[in-house]
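Colleague: Okay, so here is work20.txt, and as you'll see once you scroll down, it has compact mmCIF, N, CA and C atoms.
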# COMPACT_ATOMS: atom_id res chain seq x y z
N MET J 1 0.82 -1.20 0.00
CA MET J 1 0.00 0.00 0.00
C MET J 1 0.87 1.26 0.00
N LYS J 2 1.95 1.26 0.81
CA LYS J 2 2.83 2.43 0.86
C LYS J 2 3.48 2.69 -0.49
N ILE J 3 3.85 1.63 -1.18
CA ILE J 3 4.48 1.78 -2.49
C ILE J 3 3.50 2.38 -3.48
N LYS J 4 2.26 1.92 -3.45
CA LYS J 4 1.24 2.47 -4.36
C LYS J 4 0.99 3.94 -4.07
N LEU J 5 0.93 4.30 -2.79
CA LEU J 5 0.71 5.69 -2.42
C LEU J 5 1.88 6.56 -2.86
N LEU J 6 3.11 6.10 -2.65
CA LEU J 6 4.29 6.84 -3.07
C LEU J 6 4.32 7.00 -4.59
N LEU J 7 3.96 5.94 -5.31
CA LEU J 7 3.91 6.01 -6.77
C LEU J 7 2.87 7.01 -7.23
N LEU J 8 1.71 7.00 -6.61
CA LEU J 8 0.66 7.96 -6.97
C LEU J 8 1.11 9.39 -6.69
N LEU J 9 1.72 9.63 -5.54
CA LEU J 9 2.22 10.96 -5.22
C LEU J 9 3.29 11.40 -6.20
N SER J 10 4.14 10.47 -6.59
CA SER J 10 5.20 10.79 -7.55
C SER J 10 4.61 11.19 -8.90
N LEU J 11 3.61 10.44 -9.35
CA LEU J 11 2.99 10.76 -10.64
C LEU J 11 2.27 12.10 -10.59
N ILE J 12 1.59 12.36 -9.49
CA ILE J 12 0.90 13.64 -9.35
C ILE J 12 1.91 14.77 -9.28
N GLY J 13 3.02 14.55 -8.61
CA GLY J 13 4.00 15.60 -8.42
C GLY J 13 4.96 15.82 -9.57
N LEU J 14 4.88 15.01 -10.60
CA LEU J 14 5.82 15.16 -11.70
C LEU J 14 5.71 16.53 -12.37
N PHE J 15 4.53 17.04 -12.46
CA PHE J 15 4.35 18.34 -13.07
C PHE J 15 4.04 19.35 -11.99
N SER J 16 4.73 20.47 -12.06
CA SER J 16 4.59 21.47 -11.01
C SER J 16 3.39 22.36 -11.26
N ASN J 17 3.04 23.09 -10.21
CA ASN J 17 2.06 24.16 -10.34
C ASN J 17 2.85 25.38 -10.75
N LEU J 18 2.86 25.66 -12.04
CA LEU J 18 3.66 26.77 -12.55
C LEU J 18 2.88 28.06 -12.45
N SER J 19 3.49 29.04 -11.80
CA SER J 19 2.95 30.38 -11.93
C SER J 19 3.68 30.97 -13.12
N ALA J 20 3.13 31.99 -13.71
CA ALA J 20 3.73 32.56 -14.91
C ALA J 20 5.14 33.04 -14.60
N GLN J 21 6.11 32.39 -15.16
CA GLN J 21 7.51 32.77 -15.01
C GLN J 21 7.97 33.27 -16.38
N VAL J 22 8.23 34.58 -16.46
CA VAL J 22 8.56 35.20 -17.74
C VAL J 22 9.79 36.07 -17.58
N CYS J 23 10.66 36.00 -18.56
CA CYS J 23 11.82 36.88 -18.67
C CYS J 23 11.54 37.80 -19.85
N LYS J 24 11.32 39.07 -19.57
CA LYS J 24 11.05 40.04 -20.64
C LYS J 24 12.38 40.51 -21.21
N ILE J 25 12.57 40.32 -22.51
CA ILE J 25 13.83 40.69 -23.15
C ILE J 25 13.90 42.21 -23.29
N SER J 26 14.97 42.80 -22.76
CA SER J 26 15.15 44.25 -22.77
C SER J 26 15.07 44.83 -24.16
N GLU J 27 14.50 46.03 -24.25
CA GLU J 27 14.41 46.81 -25.48
C GLU J 27 13.70 46.08 -26.61
N SER J 28 12.76 45.21 -26.23
CA SER J 28 11.93 44.53 -27.23
C SER J 28 10.62 44.17 -26.54
N GLY J 29 9.67 43.74 -27.31
CA GLY J 29 8.41 43.28 -26.74
C GLY J 29 8.40 41.77 -26.61
N ASP J 30 9.58 41.17 -26.63
CA ASP J 30 9.70 39.71 -26.65
C ASP J 30 9.90 39.15 -25.25
N ASN J 31 9.59 37.85 -25.11
CA ASN J 31 9.68 37.16 -23.82
C ASN J 31 10.28 35.78 -23.96
N VAL J 32 10.89 35.32 -22.87
CA VAL J 32 11.21 33.91 -22.71
C VAL J 32 10.35 33.45 -21.55
N GLU J 33 9.50 32.46 -21.79
CA GLU J 33 8.53 32.02 -20.80
C GLU J 33 8.72 30.55 -20.46
N VAL J 34 8.55 30.22 -19.18
CA VAL J 34 8.60 28.83 -18.74
C VAL J 34 7.27 28.18 -19.11
N PHE J 35 7.32 27.08 -19.87
CA PHE J 35 6.11 26.36 -20.26
C PHE J 35 5.82 25.19 -19.32
N SER J 36 6.85 24.45 -18.93
CA SER J 36 6.63 23.29 -18.07
C SER J 36 7.89 22.92 -17.32
N ALA J 37 7.69 22.13 -16.27
CA ALA J 37 8.80 21.59 -15.48
C ALA J 37 8.40 20.19 -15.03
N SER J 38 9.31 19.25 -15.17
CA SER J 38 9.01 17.88 -14.76
C SER J 38 10.27 17.20 -14.23
N ILE J 39 10.04 16.24 -13.34
CA ILE J 39 11.13 15.43 -12.78
C ILE J 39 11.30 14.21 -13.68
N VAL J 40 12.56 13.91 -14.04
CA VAL J 40 12.86 12.79 -14.91
C VAL J 40 13.78 11.83 -14.17
N MET J 41 13.36 10.60 -14.03
CA MET J 41 14.17 9.53 -13.43
C MET J 41 14.70 9.88 -12.04
N ASP J 42 14.03 10.70 -11.28
CA ASP J 42 14.41 11.07 -9.90
C ASP J 42 15.74 11.80 -9.77
N ASN J 43 16.44 12.07 -10.88
CA ASN J 43 17.73 12.74 -10.73
C ASN J 43 17.92 13.93 -11.69
N GLN J 44 16.83 14.35 -12.33
CA GLN J 44 16.93 15.47 -13.26
C GLN J 44 15.58 16.17 -13.36
N VAL J 45 15.65 17.48 -13.52
CA VAL J 45 14.46 18.27 -13.81
C VAL J 45 14.60 18.81 -15.22
N ASN J 46 13.57 18.66 -16.03
CA ASN J 46 13.55 19.23 -17.37
C ASN J 46 12.59 20.42 -17.38
N ILE J 47 13.11 21.57 -17.79
CA ILE J 47 12.33 22.78 -17.90
C ILE J 47 12.20 23.10 -19.38
N ILE J 48 11.00 23.36 -19.86
CA ILE J 48 10.81 23.79 -21.24
C ILE J 48 10.47 25.27 -21.22
N VAL J 49 11.30 26.05 -21.93
CA VAL J 49 11.06 27.49 -22.07
C VAL J 49 10.83 27.79 -23.55
N GLY J 50 10.04 28.82 -23.80
CA GLY J 50 9.79 29.26 -25.17
C GLY J 50 10.22 30.70 -25.35
N ASN J 51 10.93 30.97 -26.43
CA ASN J 51 11.38 32.32 -26.76
C ASN J 51 10.54 32.79 -27.95
N ASP J 52 9.73 33.85 -27.75
CA ASP J 52 8.86 34.31 -28.83
C ASP J 52 9.51 35.37 -29.72
N SER J 53 10.78 35.68 -29.48
CA SER J 53 11.49 36.63 -30.33
C SER J 53 11.77 36.00 -31.69
N GLN J 54 11.77 36.83 -32.71
CA GLN J 54 12.09 36.34 -34.05
C GLN J 54 13.60 36.32 -34.32
N ASP J 55 14.38 37.12 -33.54
CA ASP J 55 15.80 37.24 -33.87
C ASP J 55 16.73 37.43 -32.67
N ILE J 56 16.23 37.35 -31.45
CA ILE J 56 17.07 37.58 -30.28
C ILE J 56 17.21 36.30 -29.47
N SER J 57 18.45 35.81 -29.31
CA SER J 57 18.73 34.72 -28.39
C SER J 57 18.90 35.31 -27.00
N ALA J 58 18.55 34.55 -25.99
CA ALA J 58 18.69 35.04 -24.62
C ALA J 58 19.26 33.95 -23.73
N ASN J 59 20.35 34.27 -23.03
CA ASN J 59 20.90 33.36 -22.04
C ASN J 59 20.03 33.48 -20.79
N VAL J 60 19.43 32.37 -20.37
CA VAL J 60 18.54 32.42 -19.21
C VAL J 60 19.01 31.46 -18.13
N THR J 61 18.70 31.83 -16.91
CA THR J 61 18.95 31.00 -15.74
C THR J 61 17.61 30.70 -15.10
N VAL J 62 17.34 29.43 -14.85
CA VAL J 62 16.08 29.02 -14.23
C VAL J 62 16.40 28.41 -12.87
N GLN J 63 15.64 28.83 -11.87
CA GLN J 63 15.79 28.30 -10.51
C GLN J 63 14.54 27.50 -10.17
N VAL J 64 14.74 26.28 -9.65
CA VAL J 64 13.62 25.42 -9.28
C VAL J 64 13.74 24.99 -7.82
N LYS J 65 12.58 24.74 -7.22
CA LYS J 65 12.53 24.19 -5.86
C LYS J 65 11.95 22.78 -5.98
N VAL J 66 12.72 21.79 -5.51
CA VAL J 66 12.29 20.40 -5.56
C VAL J 66 11.81 19.99 -4.17
N ASN J 67 10.62 19.41 -4.13
CA ASN J 67 10.04 18.91 -2.88
C ASN J 67 10.26 17.40 -2.81
N TYR J 68 10.74 16.95 -1.65
CA TYR J 68 11.03 15.53 -1.45
C TYR J 68 9.96 14.89 -0.57
N ALA J 69 9.89 13.56 -0.58
CA ALA J 69 8.86 12.82 0.14
C ALA J 69 8.92 13.01 1.65
N ASN J 70 10.04 13.47 2.19
CA ASN J 70 10.16 13.69 3.63
C ASN J 70 9.82 15.13 4.00
N SER J 71 9.13 15.85 3.12
CA SER J 71 8.70 17.24 3.32
C SER J 71 9.84 18.24 3.32
N LYS J 72 11.00 17.84 2.87
CA LYS J 72 12.14 18.75 2.74
C LYS J 72 12.17 19.31 1.33
N THR J 73 12.81 20.46 1.16
CA THR J 73 12.95 21.05 -0.16
C THR J 73 14.40 21.43 -0.41
N LYS J 74 14.75 21.50 -1.68
CA LYS J 74 16.09 21.89 -2.07
C LYS J 74 15.98 22.68 -3.37
N THR J 75 16.84 23.70 -3.53
CA THR J 75 16.81 24.56 -4.70
C THR J 75 17.98 24.23 -5.64
N PHE J 76 17.68 24.22 -6.94
CA PHE J 76 18.68 23.93 -7.97
C PHE J 76 18.57 24.97 -9.08
N THR J 77 19.66 25.16 -9.83
CA THR J 77 19.70 26.16 -10.88
C THR J 77 20.28 25.57 -12.16
N GLY J 78 19.74 26.00 -13.30
CA GLY J 78 20.26 25.58 -14.61
C GLY J 78 20.28 26.76 -15.57
N LYS J 79 21.19 26.70 -16.55
CA LYS J 79 21.35 27.79 -17.52
C LYS J 79 21.38 27.22 -18.93
N LYS J 80 20.88 28.03 -19.87
CA LYS J 80 20.97 27.66 -21.28
C LYS J 80 20.57 28.85 -22.14
N THR J 81 20.96 28.82 -23.40
CA THR J 81 20.57 29.86 -24.34
C THR J 81 19.24 29.48 -24.97
N ALA J 82 18.25 30.38 -24.82
CA ALA J 82 16.95 30.19 -25.45
C ALA J 82 17.02 30.81 -26.84
N ARG J 83 16.96 29.97 -27.85
CA ARG J 83 17.07 30.42 -29.24
C ARG J 83 15.79 31.11 -29.70
N PRO J 84 15.90 32.02 -30.67
CA PRO J 84 14.72 32.74 -31.15
C PRO J 84 13.65 31.82 -31.75
N ASN J 85 12.40 32.18 -31.48
CA ASN J 85 11.24 31.51 -32.08
C ASN J 85 11.31 29.99 -31.91
N ALA J 86 11.69 29.54 -30.70
CA ALA J 86 11.84 28.11 -30.47
C ALA J 86 11.62 27.78 -29.00
N GLU J 87 11.39 26.48 -28.75
CA GLU J 87 11.37 25.97 -27.39
C GLU J 87 12.74 25.38 -27.08
N THR J 88 13.15 25.51 -25.83
CA THR J 88 14.44 25.01 -25.38
C THR J 88 14.23 24.18 -24.12
N ILE J 89 14.90 23.05 -24.04
CA ILE J 89 14.85 22.22 -22.83
C ILE J 89 16.09 22.52 -21.99
N ILE J 90 15.87 22.90 -20.74
CA ILE J 90 16.96 23.12 -19.80
C ILE J 90 16.96 21.93 -18.84
N GLU J 91 18.06 21.18 -18.85
CA GLU J 91 18.19 19.99 -17.99
C GLU J 91 18.98 20.36 -16.75
N ILE J 92 18.38 20.13 -15.58
CA ILE J 92 19.02 20.46 -14.31
C ILE J 92 19.20 19.18 -13.50
N PRO J 93 20.45 18.78 -13.23
CA PRO J 93 20.67 17.61 -12.37
C PRO J 93 20.22 17.93 -10.95
N ILE J 94 19.55 16.95 -10.31
CA ILE J 94 19.11 17.13 -8.92
C ILE J 94 19.54 15.91 -8.11
N ASP J 95 19.49 16.05 -6.78
CA ASP J 95 19.78 14.92 -5.90
C ASP J 95 18.62 13.93 -5.97
N PRO J 96 18.92 12.63 -6.19
CA PRO J 96 17.85 11.64 -6.31
C PRO J 96 17.17 11.31 -4.98
N THR J 97 17.83 11.62 -3.87
CA THR J 97 17.25 11.45 -2.54
C THR J 97 17.68 12.62 -1.67
N TYR J 98 16.98 12.81 -0.57
CA TYR J 98 17.34 13.90 0.34
C TYR J 98 17.89 13.30 1.63
N GLY J 99 19.12 13.66 1.98
CA GLY J 99 19.73 13.20 3.23
C GLY J 99 20.58 11.96 3.06
N ASN J 100 21.37 11.68 4.08
CA ASN J 100 22.26 10.53 4.06
C ASN J 100 21.48 9.23 4.21
N GLY J 101 21.60 8.36 3.23
CA GLY J 101 20.94 7.06 3.27
C GLY J 101 19.42 7.15 3.24
N SER J 102 18.91 8.30 2.92
CA SER J 102 17.46 8.50 2.93
C SER J 102 16.85 7.93 1.66
N SER J 103 15.61 7.51 1.79
CA SER J 103 14.88 7.06 0.62
C SER J 103 13.84 8.10 0.20
N ALA J 104 14.00 9.33 0.70
CA ALA J 104 13.07 10.40 0.36
C ALA J 104 13.36 10.89 -1.06
N LYS J 105 12.53 10.45 -1.98
CA LYS J 105 12.71 10.79 -3.39
C LYS J 105 11.99 12.09 -3.73
N PRO J 106 12.39 12.74 -4.83
CA PRO J 106 11.70 13.96 -5.25
C PRO J 106 10.27 13.64 -5.69
N ILE J 107 9.32 14.48 -5.25
CA ILE J 107 7.92 14.23 -5.61
C ILE J 107 7.30 15.35 -6.43
N SER J 108 7.88 16.55 -6.37
CA SER J 108 7.35 17.64 -7.19
C SER J 108 8.41 18.70 -7.39
N VAL J 109 8.17 19.55 -8.39
CA VAL J 109 9.11 20.62 -8.71
C VAL J 109 8.30 21.88 -8.99
N GLU J 110 8.87 23.00 -8.58
CA GLU J 110 8.24 24.31 -8.81
C GLU J 110 9.30 25.26 -9.34
N VAL J 111 8.99 25.95 -10.43
CA VAL J 111 9.90 26.97 -10.95
C VAL J 111 9.71 28.22 -10.10
N VAL J 112 10.81 28.69 -9.50
CA VAL J 112 10.70 29.87 -8.63
C VAL J 112 11.28 31.13 -9.26
N GLY J 113 11.97 30.99 -10.41
CA GLY J 113 12.49 32.18 -11.05
C GLY J 113 13.14 31.90 -12.38
N ILE J 114 13.11 32.92 -13.23
CA ILE J 114 13.84 32.90 -14.49
C ILE J 114 14.45 34.29 -14.65
N SER J 115 15.72 34.31 -15.05
CA SER J 115 16.42 35.58 -15.23
C SER J 115 17.42 35.43 -16.35
N GLY J 116 18.02 36.54 -16.75
CA GLY J 116 19.02 36.50 -17.80
C GLY J 116 19.64 37.87 -18.03
N THR J 117 20.76 37.88 -18.75
CA THR J 117 21.48 39.14 -18.99
C THR J 117 20.67 40.09 -19.84
N LYS J 118 19.80 39.58 -20.71
CA LYS J 118 18.98 40.45 -21.55
C LYS J 118 17.60 40.68 -20.96
N CYS J 119 17.37 40.15 -19.75
CA CYS J 119 16.05 40.29 -19.13
C CYS J 119 15.97 41.54 -18.29
N ARG J 120 14.78 42.08 -18.23
CA ARG J 120 14.57 43.23 -17.35
C ARG J 120 13.50 42.89 -16.35
As a first step, turn the structure in this file into structure tokens.

Modeller:
Amino acid sequence: MKIKLLLLLSLIGLFSNLSAQVCKISESGDNVEVFSASIVMDNQVNIIVGNDSQDISANVTVQVKVNYANSKTKTFTGKKTARPNAETIIEIPIDPTYGNGSSAKPISVEVVGISGTKCR
């Protein structure tokens, strides 16, 4: 029963409750926006961002908060260039468990920020 409950919580927690996370590109009406965040294989978070600019690439940094089964949280950061008029996957390595010898696996992820050198 515990395994089924943990599996259900893991499946529910794979996709975060995203609030609108947008990086507005300076001196343009363009944006880089976070579309989704998911936990992959308990050791990586994949963030999909979309750049609606037709000609401006933007180096972006995304910060995520990972929630573990033991009610602990940890913050991780990833960087990548968001190419114009395209979606980009930012892969962020995360700890597969929380604590020494713990079996507390990641259950959900939340994007807490996006920034960049061209962002205002």

Colleague: List the neighbours of segment 30-42 of chain J out to 6 Å using only N, CA and C atoms; skip same-chain residues closer than 6 positions along the sequence, and give me the result as an MDAnalysis selection string.

Modeller: chainID J and resid 14:16 21:24 48:53 94:96 106

Colleague: Which polymer residues, protein or nucleic acid, are no farther than 6 Å from (19.4, 29.6, -19.4), counting only N, CA and C atoms, as JSON, numbers by chain?

Modeller: {"J": [59, 60, 61, 62, 78, 79, 80, 81, 82]}

Colleague: Please return, as a list in words, all polymer residues that have at least one atom within 8 Å of the point (13.1, 27.6, -11.3); use all atoms listed in the file and the file's own coordinate frame.

Modeller: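 Returned residue set, sorted by chain then number, is Thr61, Val62, Gln63, Val64, Lys65, Phe76, Thr77, Gly78, Val109, Glu110, Val111, Val112, Gly113 and Ile114 of chain J.
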
Colleague: Run DSSP on the backbone of this structure and report the residues of chain J it assigns to strand (DSSP E or B), as a ChimeraX atom specification.

Modeller: /J:15,22-25,31-40,44-51,58-68,73-82,86-93,106-116,119

Colleague: Suppose you want the space between atom N of Glu27 of chain J and atom CA of Cys119 of chain J; what is it in Å?

Modeller: 7.8 Å

Colleague: Would you compute the distance between atom C of Lys105 of chain J and atom C of Pro93 of chain J? Give it in Å to one decimal.

Modeller: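 Taking atom C of Lys105 of chain J and atom C of Pro93 of chain J, their separation equals 12.4 Å.
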
Colleague: Record the distance separating atom CA of Ser115 of chain J and atom CA of Ala69 of chain J, expressed in Å with one decimal.

Modeller: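 Straight-line distance from atom CA of Ser115 of chain J to atom CA of Ala69 of chain J works out to 28.5 Å.
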
Colleague: Residues within 6.5 Å of Tyr68 of chain J, please, as a ChimeraX atom specification. Count all atoms listed in the file; anything in the same chain fewer than 5 positions from it doesn't count.

Modeller: /J:73-74,104-108

Colleague: Have segment 47-69 of chain J completed to N, CA, C and O atoms, please, and pass it along as a PDB file, in the frame of the given file.

Modeller:
ATOM      1  N   ILE J  47      13.110  21.570 -17.790  1.00  0.00           N
ATOM      2  CA  ILE J  47      12.330  22.780 -17.900  1.00  0.00           C
ATOM      3  C   ILE J  47      12.200  23.100 -19.380  1.00  0.00           C
ATOM      4  O   ILE J  47      13.205  23.111 -20.098  1.00  0.00           O
ATOM      5  N   ILE J  48      11.000  23.360 -19.860  1.00  0.00           N
ATOM      6  CA  ILE J  48      10.810  23.790 -21.240  1.00  0.00           C
ATOM      7  C   ILE J  48      10.470  25.270 -21.220  1.00  0.00           C
ATOM      8  O   ILE J  48       9.513  25.684 -20.569  1.00  0.00           O
ATOM      9  N   VAL J  49      11.300  26.050 -21.930  1.00  0.00           N
ATOM     10  CA  VAL J  49      11.060  27.490 -22.070  1.00  0.00           C
ATOM     11  C   VAL J  49      10.830  27.790 -23.550  1.00  0.00           C
ATOM     12  O   VAL J  49      11.361  27.107 -24.421  1.00  0.00           O
ATOM     13  N   GLY J  50      10.040  28.820 -23.800  1.00  0.00           N
ATOM     14  CA  GLY J  50       9.790  29.260 -25.170  1.00  0.00           C
ATOM     15  C   GLY J  50      10.220  30.700 -25.350  1.00  0.00           C
ATOM     16  O   GLY J  50       9.944  31.542 -24.503  1.00  0.00           O
ATOM     17  N   ASN J  51      10.930  30.970 -26.430  1.00  0.00           N
ATOM     18  CA  ASN J  51      11.380  32.320 -26.760  1.00  0.00           C
ATOM     19  C   ASN J  51      10.540  32.790 -27.950  1.00  0.00           C
ATOM     20  O   ASN J  51      10.616  32.222 -29.035  1.00  0.00           O
ATOM     21  N   ASP J  52       9.730  33.850 -27.750  1.00  0.00           N
ATOM     22  CA  ASP J  52       8.860  34.310 -28.830  1.00  0.00           C
ATOM     23  C   ASP J  52       9.510  35.370 -29.720  1.00  0.00           C
ATOM     24  O   ASP J  52       8.888  35.881 -30.637  1.00  0.00           O
ATOM     25  N   SER J  53      10.780  35.680 -29.480  1.00  0.00           N
ATOM     26  CA  SER J  53      11.490  36.630 -30.330  1.00  0.00           C
ATOM     27  C   SER J  53      11.770  36.000 -31.690  1.00  0.00           C
ATOM     28  O   SER J  53      12.000  34.800 -31.792  1.00  0.00           O
ATOM     29  N   GLN J  54      11.770  36.830 -32.710  1.00  0.00           N
ATOM     30  CA  GLN J  54      12.090  36.340 -34.050  1.00  0.00           C
ATOM     31  C   GLN J  54      13.600  36.320 -34.320  1.00  0.00           C
ATOM     32  O   GLN J  54      14.059  35.586 -35.194  1.00  0.00           O
ATOM     33  N   ASP J  55      14.380  37.120 -33.540  1.00  0.00           N
ATOM     34  CA  ASP J  55      15.800  37.240 -33.870  1.00  0.00           C
ATOM     35  C   ASP J  55      16.730  37.430 -32.670  1.00  0.00           C
ATOM     36  O   ASP J  55      17.917  37.639 -32.864  1.00  0.00           O
ATOM     37  N   ILE J  56      16.230  37.350 -31.450  1.00  0.00           N
ATOM     38  CA  ILE J  56      17.070  37.580 -30.280  1.00  0.00           C
ATOM     39  C   ILE J  56      17.210  36.300 -29.470  1.00  0.00           C
ATOM     40  O   ILE J  56      16.225  35.741 -28.992  1.00  0.00           O
ATOM     41  N   SER J  57      18.450  35.810 -29.310  1.00  0.00           N
ATOM     42  CA  SER J  57      18.730  34.720 -28.390  1.00  0.00           C
ATOM     43  C   SER J  57      18.900  35.310 -27.000  1.00  0.00           C
ATOM     44  O   SER J  57      19.352  36.446 -26.856  1.00  0.00           O
ATOM     45  N   ALA J  58      18.550  34.550 -25.990  1.00  0.00           N
ATOM     46  CA  ALA J  58      18.690  35.040 -24.620  1.00  0.00           C
ATOM     47  C   ALA J  58      19.260  33.950 -23.730  1.00  0.00           C
ATOM     48  O   ALA J  58      18.741  32.830 -23.691  1.00  0.00           O
ATOM     49  N   ASN J  59      20.350  34.270 -23.030  1.00  0.00           N
ATOM     50  CA  ASN J  59      20.900  33.360 -22.040  1.00  0.00           C
ATOM     51  C   ASN J  59      20.030  33.480 -20.790  1.00  0.00           C
ATOM     52  O   ASN J  59      19.900  34.571 -20.241  1.00  0.00           O
ATOM     53  N   VAL J  60      19.430  32.370 -20.370  1.00  0.00           N
ATOM     54  CA  VAL J  60      18.540  32.420 -19.210  1.00  0.00           C
ATOM     55  C   VAL J  60      19.010  31.460 -18.130  1.00  0.00           C
ATOM     56  O   VAL J  60      19.630  30.431 -18.401  1.00  0.00           O
ATOM     57  N   THR J  61      18.700  31.830 -16.910  1.00  0.00           N
ATOM     58  CA  THR J  61      18.950  31.000 -15.740  1.00  0.00           C
ATOM     59  C   THR J  61      17.610  30.700 -15.100  1.00  0.00           C
ATOM     60  O   THR J  61      16.817  31.623 -14.859  1.00  0.00           O
ATOM     61  N   VAL J  62      17.340  29.430 -14.850  1.00  0.00           N
ATOM     62  CA  VAL J  62      16.080  29.020 -14.230  1.00  0.00           C
ATOM     63  C   VAL J  62      16.400  28.410 -12.870  1.00  0.00           C
ATOM     64  O   VAL J  62      17.311  27.593 -12.737  1.00  0.00           O
ATOM     65  N   GLN J  63      15.640  28.830 -11.870  1.00  0.00           N
ATOM     66  CA  GLN J  63      15.790  28.300 -10.510  1.00  0.00           C
ATOM     67  C   GLN J  63      14.540  27.500 -10.170  1.00  0.00           C
ATOM     68  O   GLN J  63      13.413  27.981 -10.386  1.00  0.00           O
ATOM     69  N   VAL J  64      14.740  26.280  -9.650  1.00  0.00           N
ATOM     70  CA  VAL J  64      13.620  25.420  -9.280  1.00  0.00           C
ATOM     71  C   VAL J  64      13.740  24.990  -7.820  1.00  0.00           C
ATOM     72  O   VAL J  64      14.838  24.895  -7.273  1.00  0.00           O
ATOM     73  N   LYS J  65      12.580  24.740  -7.220  1.00  0.00           N
ATOM     74  CA  LYS J  65      12.530  24.190  -5.860  1.00  0.00           C
ATOM     75  C   LYS J  65      11.950  22.780  -5.980  1.00  0.00           C
ATOM     76  O   LYS J  65      10.859  22.597  -6.516  1.00  0.00           O
ATOM     77  N   VAL J  66      12.720  21.790  -5.510  1.00  0.00           N
ATOM     78  CA  VAL J  66      12.290  20.400  -5.560  1.00  0.00           C
ATOM     79  C   VAL J  66      11.810  19.990  -4.170  1.00  0.00           C
ATOM     80  O   VAL J  66      12.495  20.217  -3.170  1.00  0.00           O
ATOM     81  N   ASN J  67      10.620  19.410  -4.130  1.00  0.00           N
ATOM     82  CA  ASN J  67      10.040  18.910  -2.880  1.00  0.00           C
ATOM     83  C   ASN J  67      10.260  17.400  -2.810  1.00  0.00           C
ATOM     84  O   ASN J  67       9.983  16.691  -3.780  1.00  0.00           O
ATOM     85  N   TYR J  68      10.740  16.950  -1.650  1.00  0.00           N
ATOM     86  CA  TYR J  68      11.030  15.530  -1.450  1.00  0.00           C
ATOM     87  C   TYR J  68       9.960  14.890  -0.570  1.00  0.00           C
ATOM     88  O   TYR J  68       9.211  15.589   0.123  1.00  0.00           O
ATOM     89  N   ALA J  69       9.890  13.560  -0.580  1.00  0.00           N
ATOM     90  CA  ALA J  69       8.860  12.820   0.140  1.00  0.00           C
ATOM     91  C   ALA J  69       8.920  13.010   1.650  1.00  0.00           C
ATOM     92  O   ALA J  69       7.940  12.778   2.340  1.00  0.00           O
TER      93      ALA J  69
END
